[in-house]
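A short worksheet on the structure shown next.
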Amino acid sequence: MKNIQDILKRKAGREARGEKKELDEKTIGRVFFEAAKGEIKNLEDADIREMKIKEKTLYIKTAHPVVSSELFLRKNKILEKANEIAGSQVIEKVIIG
């Protein structure tokens, strides 16, 4: 699996050359997941069942209520960190279900 930091560096390189390309849904989901892993140490890929983004709102379905609770309690901090990693405000709101 590619490191998310490498993908974002390539994006920054494209922007420096004048090419503008927005991050796709899958990349934004991975950015949020990487930020969440930094906050929640035991978070695994299997804990998140589904991630969708629509109009800068990220919708997350989790496998366990405990994971939902942890994400809910820390979502503002994770949201800030994810937007910082992405380099722009790609997510404005997170809805956890």
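How things are named: the first chain in the structure tokens is A, the next is B, and so on; residues count from 1 in each chain; ligands count from 1 in the order shown.
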
As a PyMOL selection string, which residues of chain A does DSSP assign to helix (DSSP H, G or I)?
-> chain A and resi 4-16+25-39+45-47+65-86

Can I get the selection written as a compact mmCIF listing (two decimals), in the first residue's frame, with C-alpha atoms?
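That gives us part-v6.txt:
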```txt
# COMPACT_ATOMS: atom_id res chain seq x y z
CA ILE A 4 -0.46 8.76 2.05
CA GLN A 5 2.35 11.27 2.51
CA ASP A 6 3.90 10.22 -0.84
CA ILE A 7 0.58 10.69 -2.63
CA LEU A 8 0.12 14.15 -1.16
CA LYS A 9 3.70 15.16 -2.07
CA ARG A 10 3.01 14.23 -5.70
CA LYS A 11 -0.16 16.33 -5.55
CA ALA A 12 1.85 19.29 -4.23
CA GLY A 13 4.36 18.82 -7.06
CA ARG A 14 1.57 18.96 -9.64
CA GLU A 15 0.18 22.14 -8.12
CA ALA A 16 3.63 23.73 -8.24
CA GLU A 25 -13.00 10.26 -2.31
CA LYS A 26 -10.74 7.31 -1.57
CA THR A 27 -7.69 9.50 -0.89
CA ILE A 28 -9.68 11.81 1.40
CA GLY A 29 -10.93 8.76 3.30
CA ARG A 30 -7.36 7.49 3.73
CA VAL A 31 -6.20 10.91 4.92
CA PHE A 32 -8.94 10.91 7.58
CA PHE A 33 -8.09 7.32 8.54
CA GLU A 34 -4.38 8.15 8.94
CA ALA A 35 -5.27 11.13 11.14
CA ALA A 36 -7.63 8.94 13.17
CA LYS A 37 -4.94 6.28 13.63
CA GLY A 38 -2.73 8.96 15.14
CA GLU A 39 -5.40 9.71 17.75
CA ASP A 45 -8.92 -0.95 8.62
CA ALA A 46 -11.53 -3.55 9.62
CA ASP A 47 -13.01 -1.15 12.21
CA PRO A 65 -20.02 0.98 18.73
CA VAL A 66 -16.80 1.51 20.70
CA VAL A 67 -15.05 2.75 17.56
CA SER A 68 -17.99 5.07 16.81
CA SER A 69 -17.77 6.47 20.31
CA GLU A 70 -14.02 7.08 20.12
CA LEU A 71 -14.32 8.76 16.72
CA PHE A 72 -17.19 10.93 17.95
CA LEU A 73 -15.27 12.08 21.02
CA ARG A 74 -12.16 12.97 19.00
CA LYS A 75 -13.66 13.96 15.64
CA ASN A 76 -12.82 17.68 15.85
CA LYS A 77 -9.15 17.02 16.55
CA ILE A 78 -9.01 14.31 13.85
CA LEU A 79 -10.77 16.63 11.39
CA GLU A 80 -8.21 19.39 11.96
CA LYS A 81 -5.33 16.95 11.57
CA ALA A 82 -6.79 15.42 8.38
CA ASN A 83 -7.20 18.83 6.75
CA GLU A 84 -3.67 19.72 7.80
CA ILE A 85 -2.30 16.53 6.20
CA ALA A 86 -4.29 17.18 3.01
```

Among the residues A:Glu92, A:Gly87, A:Lys41, A:Asp24, the one that comes closest to Glu55 (chain A) [using only C-alpha atoms] | A:Glu92

Pull the strand (DSSP E) assignments for region 10-87 of chain A out of DSSP run on the backbone, and list those residues as a PyMOL selection string.
-> chain A and resi 48-54+57-62

Take the selection from the previous step and output its residues with C-alpha atoms, as a PDB file, in the first residue's frame.
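Okay, result-v3.pdb is ready:
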```pdb
ATOM      1  CA  ILE A  48     -14.247   1.193   9.452  1.00  0.00           C
ATOM      2  CA  ARG A  49     -16.812  -0.475   7.210  1.00  0.00           C
ATOM      3  CA  GLU A  50     -17.586   2.375   4.852  1.00  0.00           C
ATOM      4  CA  MET A  51     -16.497   5.954   4.136  1.00  0.00           C
ATOM      5  CA  LYS A  52     -18.260   8.279   1.719  1.00  0.00           C
ATOM      6  CA  ILE A  53     -17.779  11.949   1.046  1.00  0.00           C
ATOM      7  CA  LYS A  54     -20.436  14.264  -0.297  1.00  0.00           C
ATOM      8  CA  THR A  57     -19.070  15.983   4.532  1.00  0.00           C
ATOM      9  CA  LEU A  58     -17.508  12.633   5.420  1.00  0.00           C
ATOM     10  CA  TYR A  59     -19.944   9.841   6.320  1.00  0.00           C
ATOM     11  CA  ILE A  60     -18.451   6.935   8.279  1.00  0.00           C
ATOM     12  CA  LYS A  61     -19.945   3.554   9.187  1.00  0.00           C
ATOM     13  CA  THR A  62     -18.039   1.579  11.787  1.00  0.00           C
TER      14      THR A  62
END
```

Find the residues around Lys56 (chain A) up to 7 Å (only C-alpha atoms counted), leave out those fewer than 5 positions away in its own chain, and share them as number ranges by chain.
-> A: 90-93

With N, CA and C atoms retained, could you export that selection as a compact mmCIF listing (two decimals), in the first residue's frame?
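File written: result_24.txt
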```txt
# COMPACT_ATOMS: atom_id res chain seq x y z
N VAL A 90 -10.46 19.86 2.99
CA VAL A 90 -11.18 18.92 2.14
C VAL A 90 -12.40 18.34 2.84
N ILE A 91 -12.42 18.40 4.18
CA ILE A 91 -13.54 17.89 4.97
C ILE A 91 -13.99 19.01 5.91
N GLU A 92 -15.27 19.32 5.89
CA GLU A 92 -15.81 20.34 6.80
C GLU A 92 -16.58 19.72 7.96
N LYS A 93 -17.17 18.55 7.72
CA LYS A 93 -18.04 17.94 8.71
C LYS A 93 -17.90 16.42 8.64
```
